[in-house]
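Listing of upload_20.cif; format and content: mmCIF, C-alpha atoms.
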```cif
data_start
#
loop_
_atom_site.label_atom_id
_atom_site.label_comp_id
_atom_site.auth_asym_id
_atom_site.auth_seq_id
_atom_site.Cartn_x
_atom_site.Cartn_y
_atom_site.Cartn_z
CA MET A 1 156.75 124.32 110.99
CA VAL A 2 156.06 126.79 113.81
CA MET A 3 157.64 124.45 116.41
CA ARG A 4 160.95 124.36 114.55
CA GLU A 5 160.98 128.11 114.01
CA ALA A 6 160.57 128.77 117.76
CA THR A 7 163.03 126.10 118.95
CA ALA A 8 166.11 124.26 117.78
CA ILE A 9 164.23 120.93 117.66
CA SER A 10 164.81 118.65 114.69
CA GLU A 11 162.18 117.78 112.13
CA ARG A 12 162.15 114.12 113.16
CA ARG A 13 161.58 115.03 116.84
CA ALA A 14 158.88 117.56 115.97
CA CYS A 15 156.97 114.99 113.94
CA GLN A 16 157.19 112.49 116.79
CA LEU A 17 155.78 115.03 119.25
CA VAL A 18 152.75 115.95 117.12
CA GLY A 19 152.20 112.38 115.87
CA LEU A 20 152.75 113.24 112.20
CA SER A 21 154.55 111.07 109.69
CA ARG A 22 157.44 112.72 107.86
CA THR A 23 156.12 111.19 104.65
CA VAL A 24 152.84 112.99 105.12
CA LEU A 25 154.67 116.20 105.93
CA HIS A 26 156.53 116.19 102.63
CA TYR A 27 153.69 114.78 100.52
CA GLU A 28 152.69 116.82 97.48
CA SER A 29 149.53 115.94 95.62
CA LYS A 30 149.88 114.92 92.00
CA ALA A 31 147.51 115.88 89.23
CA GLN A 32 145.37 112.95 88.03
CA PRO A 33 143.90 113.56 84.56
CA GLU A 34 141.35 110.76 84.94
CA ASN A 35 139.89 112.49 87.99
CA GLU A 36 139.59 115.76 86.08
CA ARG A 37 137.80 114.00 83.23
CA LEU A 38 135.50 112.25 85.68
CA LYS A 39 134.73 115.51 87.48
CA THR A 40 133.89 117.14 84.14
CA ARG A 41 131.55 114.25 83.30
CA LEU A 42 129.84 114.54 86.70
CA ILE A 43 129.22 118.24 86.07
CA GLU A 44 127.71 117.42 82.67
CA LEU A 45 125.45 114.73 84.11
CA SER A 46 124.35 116.92 87.00
CA GLY A 47 123.32 119.55 84.45
CA GLU A 48 121.16 116.98 82.65
CA ARG A 49 119.77 115.41 85.84
CA ARG A 50 119.57 118.29 88.28
CA ARG A 51 117.84 116.31 91.02
CA PHE A 52 120.38 113.48 91.02
CA GLY A 53 122.74 113.20 93.99
CA TYR A 54 126.17 111.58 93.94
CA ARG A 55 124.80 108.04 94.38
CA ARG A 56 122.56 108.22 91.32
CA LEU A 57 125.32 109.95 89.34
CA HIS A 58 127.57 107.07 90.38
CA ALA A 59 125.07 104.65 88.83
CA LEU A 60 125.05 106.67 85.60
CA VAL A 61 128.84 106.73 85.18
CA ARG A 62 129.03 102.99 85.86
CA ARG A 63 126.56 102.44 83.03
CA GLU A 64 129.02 104.26 80.77
CA GLY A 65 131.68 101.70 81.66
CA ILE A 66 133.65 103.84 84.13
CA ARG A 67 134.72 101.56 86.99
CA VAL A 68 134.96 103.77 90.06
CA ASN A 69 133.69 103.42 93.61
CA HIS A 70 131.17 105.71 95.25
CA LYS A 71 133.75 107.27 97.60
CA ARG A 72 135.73 108.81 94.76
CA ILE A 73 132.49 110.00 93.16
CA TYR A 74 131.49 111.68 96.43
CA ARG A 75 134.90 113.37 96.74
CA LEU A 76 134.82 114.70 93.18
CA TYR A 77 131.15 115.61 93.56
CA SER A 78 131.99 117.69 96.63
CA ASP A 79 135.11 119.23 95.04
CA ALA A 80 133.00 120.40 92.09
CA GLY A 81 130.59 122.12 94.47
CA LEU A 82 127.67 119.99 93.34
CA SER A 83 124.72 119.42 95.64
CA VAL A 84 120.97 118.82 95.56
CA ARG A 85 119.14 121.49 97.46
CA CYS A 86 116.32 120.41 99.72
CA ARG A 87 113.02 122.01 98.86
CA LYS A 88 109.43 121.61 99.88
CA ARG A 89 107.76 122.14 96.55
CA ARG A 90 108.53 119.59 93.86
CA HIS A 91 109.44 120.94 90.45
CA GLY A 92 109.79 118.98 87.26
CA VAL A 93 112.98 117.72 85.68
CA ALA A 94 114.53 120.23 83.30
CA VAL A 95 114.17 118.69 79.83
CA GLU A 96 114.10 120.10 76.33
CA ARG A 97 110.90 120.02 74.33
CA GLN A 98 110.77 117.21 71.79
CA ALA A 99 108.64 117.26 68.68
CA LEU A 100 105.70 114.84 68.87
CA GLU A 101 105.97 112.65 65.80
CA ARG A 102 104.17 109.45 64.91
CA PRO A 103 106.61 106.50 64.91
CA GLY A 104 107.26 104.52 61.77
CA GLY A 105 106.12 101.19 63.22
CA PRO A 106 104.72 99.41 66.28
CA ASN A 107 106.77 98.97 69.45
CA GLN A 108 108.94 101.98 68.68
CA VAL A 109 107.36 104.40 71.15
CA TRP A 110 104.82 103.72 73.89
CA SER A 111 103.08 106.38 75.95
CA MET A 112 102.06 106.04 79.61
CA ASP A 113 99.91 108.10 81.94
CA PHE A 114 97.54 107.82 84.89
CA VAL A 115 93.79 108.37 85.07
CA SER A 116 92.28 108.96 88.52
CA ASP A 117 88.74 108.20 89.68
CA ALA A 118 86.78 107.31 92.81
CA LEU A 119 84.55 104.41 93.86
CA ALA A 120 81.15 104.54 95.53
CA ASN A 121 82.82 104.55 98.94
CA ALA A 122 84.85 107.64 97.89
CA ARG A 123 88.11 105.69 97.85
CA ARG A 124 90.47 106.97 95.16
CA ILE A 125 91.87 104.67 92.47
CA LYS A 126 94.48 105.04 89.73
CA VAL A 127 94.47 103.53 86.25
CA LEU A 128 97.78 103.13 84.44
CA THR A 129 97.18 103.45 80.69
CA ILE A 130 99.76 102.34 78.10
CA VAL A 131 99.33 103.04 74.39
CA ASP A 132 101.40 102.28 71.29
CA ASP A 133 101.89 105.63 69.51
CA PHE A 134 101.94 104.03 66.05
CA SER A 135 98.98 101.64 66.15
CA LYS A 136 97.01 103.64 68.80
CA GLU A 137 96.48 100.28 70.52
CA ALA A 138 95.94 100.04 74.26
CA ILE A 139 98.86 97.87 75.33
CA ASP A 140 97.63 97.45 78.89
CA LEU A 141 95.45 98.99 81.59
CA ALA A 142 96.22 98.48 85.26
CA VAL A 143 93.85 99.66 87.96
CA ASP A 144 94.57 99.64 91.68
CA PHE A 145 94.30 101.77 94.79
CA GLY A 146 97.99 102.65 94.58
CA ILE A 147 100.57 102.22 91.81
CA SER A 148 104.28 102.68 92.54
CA GLY A 149 107.24 102.80 90.20
CA GLN A 150 107.97 99.13 90.92
CA TYR A 151 104.35 98.29 90.10
CA VAL A 152 104.76 100.06 86.74
CA THR A 153 107.82 97.96 85.86
CA ARG A 154 105.90 94.73 86.60
CA VAL A 155 103.08 95.80 84.29
CA LEU A 156 105.59 96.64 81.53
CA ASP A 157 107.35 93.28 81.92
CA GLN A 158 104.02 91.50 81.64
CA ALA A 159 103.10 93.44 78.49
CA ALA A 160 106.54 92.72 76.99
CA ARG A 161 105.97 88.97 77.34
CA PHE A 162 103.44 89.21 74.49
CA ARG A 163 104.69 92.18 72.45
CA GLY A 164 108.37 92.61 73.25
CA TYR A 165 109.98 95.71 74.73
CA PRO A 166 109.58 99.12 73.04
CA LYS A 167 112.49 101.29 71.96
CA ALA A 168 111.20 104.28 73.95
CA ILE A 169 108.45 105.23 76.40
CA ARG A 170 107.03 108.75 76.69
CA THR A 171 105.72 109.86 80.10
CA ASP A 172 105.08 112.94 82.17
CA GLN A 173 107.20 113.81 85.20
CA GLY A 174 105.17 111.99 87.84
CA PRO A 175 107.14 110.41 90.70
CA GLU A 176 106.30 106.91 89.47
CA PHE A 177 107.99 107.69 86.12
CA THR A 178 111.04 109.64 87.36
CA GLY A 179 112.00 107.33 90.26
CA LYS A 180 114.85 104.84 90.47
CA ALA A 181 112.68 101.76 89.79
CA LEU A 182 111.66 102.74 86.25
CA ASP A 183 115.08 104.27 85.49
CA GLN A 184 116.89 101.04 86.38
CA TRP A 185 114.31 98.95 84.50
CA ALA A 186 114.78 101.05 81.36
CA CYS A 187 118.57 100.70 81.57
CA GLN A 188 118.36 96.92 81.95
CA HIS A 189 116.10 96.50 78.92
CA GLY A 190 117.59 99.19 76.67
CA VAL A 191 114.47 101.38 76.69
CA GLN A 192 114.79 105.16 76.31
CA LEU A 193 112.64 107.23 78.67
CA LYS A 194 111.21 110.35 77.02
CA LEU A 195 110.06 112.87 79.63
CA ILE A 196 107.79 115.70 78.56
CA GLN A 197 108.14 119.16 80.07
CA ALA A 198 106.38 119.77 83.38
CA GLY A 199 102.84 121.06 82.99
CA LYS A 200 102.77 120.37 79.22
CA PRO A 201 100.36 117.42 78.72
CA THR A 202 99.94 118.28 75.02
CA GLN A 203 103.50 117.00 74.47
CA ASN A 204 102.07 113.54 75.24
CA ALA A 205 99.00 114.01 73.07
CA PHE A 206 98.56 110.36 72.01
CA ILE A 207 97.97 109.10 75.55
CA GLU A 208 95.90 112.18 76.45
CA SER A 209 93.59 111.46 73.52
CA PHE A 210 93.20 107.86 74.64
CA ASN A 211 92.58 108.87 78.25
CA GLY A 212 89.76 111.18 77.19
CA ARG A 213 88.04 108.41 75.27
CA PHE A 214 88.67 105.92 78.06
CA ARG A 215 87.04 108.22 80.61
CA ASP A 216 84.07 109.06 78.37
CA GLU A 217 83.38 105.53 77.14
CA CYS A 218 84.30 103.55 80.25
CA LEU A 219 84.60 105.46 83.51
CA ASN A 220 81.68 107.80 82.72
CA TRP A 221 79.59 105.24 80.88
CA SER A 222 76.77 105.31 83.44
CA SER A 223 75.32 107.83 85.89
CA SER A 224 74.51 105.11 88.46
CA PRO A 225 76.55 104.91 91.69
CA ARG A 226 79.91 103.24 91.29
CA GLU A 227 80.75 99.91 92.75
CA SER A 228 83.10 99.65 95.72
CA HIS A 229 85.68 97.52 93.89
CA PRO A 230 87.94 98.73 91.06
CA GLN A 231 87.20 95.71 88.82
CA ALA A 232 83.58 96.85 88.55
CA LEU A 233 84.57 100.03 86.70
CA THR A 234 84.43 98.28 83.30
CA GLN A 235 81.72 96.20 81.73
CA PRO A 236 82.00 93.17 79.37
CA ASP A 237 80.29 95.06 76.52
CA MET A 238 83.17 97.55 76.56
CA ASN A 239 85.54 94.79 75.34
CA LEU A 240 87.68 95.70 78.36
CA SER A 241 88.73 93.76 81.41
CA ILE A 242 90.76 95.47 84.11
CA HIS A 243 92.39 93.66 87.02
CA PRO A 244 95.01 94.64 89.62
CA ALA A 245 97.43 92.32 87.80
CA PRO A 246 96.11 93.01 84.28
CA ILE A 247 96.00 90.85 81.21
CA ILE A 248 93.51 92.51 78.86
CA GLN A 249 92.31 92.38 75.30
CA PRO A 250 93.75 95.28 73.26
CA ILE A 251 91.40 98.04 72.16
CA GLN A 252 91.82 100.55 69.37
CA HIS A 253 91.17 104.27 69.35
CA GLU A 254 91.54 106.93 66.76
#
```
When written as structure tokens, how does the structure in this file appear?
Amino acid sequence: MVMREATAISERRACQLVGLSRTVLHYESKAQPENERLKTRLIELSGERRRFGYRRLHALVRREGIRVNHKRIYRLYSDAGLSVRCRKRRHGVAVERQALERPGGPNQVWSMDFVSDALANARRIKVLTIVDDFSKEAIDLAVDFGISGQYVTRVLDQAARFRGYPKAIRTDQGPEFTGKALDQWACQHGVQLKLIQAGKPTQNAFIESFNGRFRDECLNWSSSPRESHPQALTQPDMNLSIHPAPIIQPIQHE
């Protein structure tokens, strides 16, 4: 200590003057292997989920059975030099391309996407389309003026009441599909989320094929002015019935 080098004062007296405990003065940090392993795992997870901050990484490690509080995660997160940079333009999540293969049975993989349209009053609407990749069956269609990630989970829960939960769901990287609501829902129900690469809709070809037919045979079925309510977008002869809280008859497409 500088004070002791300049004067003949004792260590005890010097600590009293500066308000420092002698225990703290002589403390030497000890290596903790569990912290090193946890820091390594955080670095691995941050490489897989580059837009996840320490709170969402904390949720991921807890799912793996690691019981640790968020304060330690933040400390290790900071020590590893990890951070999420703020940016104006949104980029997609870095994922590897996965081969598009037809599943071996129903309820193995579902595909989801949105179709946008406008009513007669120029108000925009969104249609959530869900298709079984094996049977090419329309699991559900939900139409509303706005559909959030929480809304998507409610539609999936309603569909699962009649069909059960799928093993995986393939989506693009829209904010409704990459948010916390759908991520937590998938974890609770053991559903794997398959994200396609940003700007590559052909990697979700099953739902894109269905959306094209849905737009041609339903949304564009007539050249007359559209109604001002989203339920009027479909007609009974289309064997389709869309509601804000949808329960519909399944349709098939090739």
>> Which residues, named as in the file, does the PyMOL selection byres ((chain A and resi 125) around 7) pick out? Answer as a ChimeraX atom specification.
In response: /A:116-118,123-124,126-127,144-146
Nearest to Val131 in chain A, restricted to all atoms listed in the file and choosing among A:Leu182, A:Leu100, A:Val143, A:Ala205, comes out as A:Ala205
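For the point (104.9, 102.0, 91.6), the residues with at least one atom inside 10 Å, counting only C-alpha atoms, are A:Gly146, A:Ile147, A:Ser148, A:Gly149, A:Gln150, A:Tyr151, A:Val152, A:Thr153, A:Arg154, A:Val155, A:Pro175, A:Glu176, A:Phe177, A:Gly179, A:Ala181, A:Leu182.
This file, filtered with the PyMOL selection byres ((chain A and resi 195) around 6), gives the residues Arg170, Thr171, Asp172, Lys194 and Ile196 of chain A.
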Take the residues just selected and output them with C-alpha atoms as a PDB file, in the coordinates of the input.
```
ATOM      1  CA  ARG A 170     107.030 108.750  76.690  1.00  0.00           C
ATOM      2  CA  THR A 171     105.720 109.860  80.100  1.00  0.00           C
ATOM      3  CA  ASP A 172     105.080 112.940  82.170  1.00  0.00           C
ATOM      4  CA  LYS A 194     111.210 110.350  77.020  1.00  0.00           C
ATOM      5  CA  ILE A 196     107.790 115.700  78.560  1.00  0.00           C
TER       6      ILE A 196
END
```
* Asked: range 133-135 of chain A: which residues within 6 Å, counting all atoms listed in the file, same-chain residues fewer than 4 positions away excluded, as a ChimeraX atom specification?
  -> /A:102-103,105-106,109-110
Could you save those same residues with C-alpha atoms as a PDB file, in the coordinates of the input?
```
ATOM      1  CA  ARG A 102     104.170 109.450  64.910  1.00  0.00           C
ATOM      2  CA  PRO A 103     106.610 106.500  64.910  1.00  0.00           C
ATOM      3  CA  GLY A 105     106.120 101.190  63.220  1.00  0.00           C
ATOM      4  CA  PRO A 106     104.720  99.410  66.280  1.00  0.00           C
ATOM      5  CA  VAL A 109     107.360 104.400  71.150  1.00  0.00           C
ATOM      6  CA  TRP A 110     104.820 103.720  73.890  1.00  0.00           C
TER       7      TRP A 110
END
```
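Put simply, CA of Glu11 in chain A is 14.7 Å away from CA of Tyr27 in chain A.
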Contacts of Val191 in chain A at 9 Å (only C-alpha atoms; same-chain gap of 5+ positions) as a PDB file with C-alpha atoms, keeping the file's coordinate frame:
```pdb
ATOM      1  CA  TYR A 165     109.980  95.710  74.730  1.00  0.00           C
ATOM      2  CA  PRO A 166     109.580  99.120  73.040  1.00  0.00           C
ATOM      3  CA  LYS A 167     112.490 101.290  71.960  1.00  0.00           C
ATOM      4  CA  ALA A 168     111.200 104.280  73.950  1.00  0.00           C
ATOM      5  CA  ILE A 169     108.450 105.230  76.400  1.00  0.00           C
ATOM      6  CA  TRP A 185     114.310  98.950  84.500  1.00  0.00           C
ATOM      7  CA  ALA A 186     114.780 101.050  81.360  1.00  0.00           C
TER       8      ALA A 186
END
```
What lies within 8 Å of Asp113 in chain A using all atoms listed in the file, ignoring chain neighbours under 4 positions off, as number ranges by chain? A: 128-130, 171-172, 207-208
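Residue nearest Gly212 in chain A within the list A:Arg56, A:Val115, A:Gln197, A:Val24: A:Val115 [criterion: smallest interatomic distance, all atoms listed in the file].
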Shortest contact to Gln32 in chain A, candidates A:Ala138, A:Ala198, A:Leu119, A:Leu76, atoms counted all atoms listed in the file, goes to A:Leu76
For Asp157 in chain A, the closest of A:Lys71, A:His189, A:Val61, A:Glu137 counting all atoms listed in the file is A:His189
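For Glu34 in chain A, the non-local neighbours within 12 Å, defined as residues at least 4 positions apart in the same chain or in other chains and counting only C-alpha atoms, are A:Lys30, A:Leu38, A:Lys39, A:Thr40, A:Arg41, A:Ile66, A:Arg67, A:Val68, A:Arg72, A:Leu76.
If all atoms listed in the file are the atoms counted, then among A:Ser111, A:Gln158, A:Gln16, A:Asn121 the closest residue to Phe206 in chain A is A:Ser111.
Distance-wise, CA of Leu193 in chain A and CA of Gly104 in chain A end up 17.9 Å apart.
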For Lys136 in chain A, the closest of A:Gly174, A:Leu156, A:Asn211, A:Lys200 counting only C-alpha atoms is A:Asn211
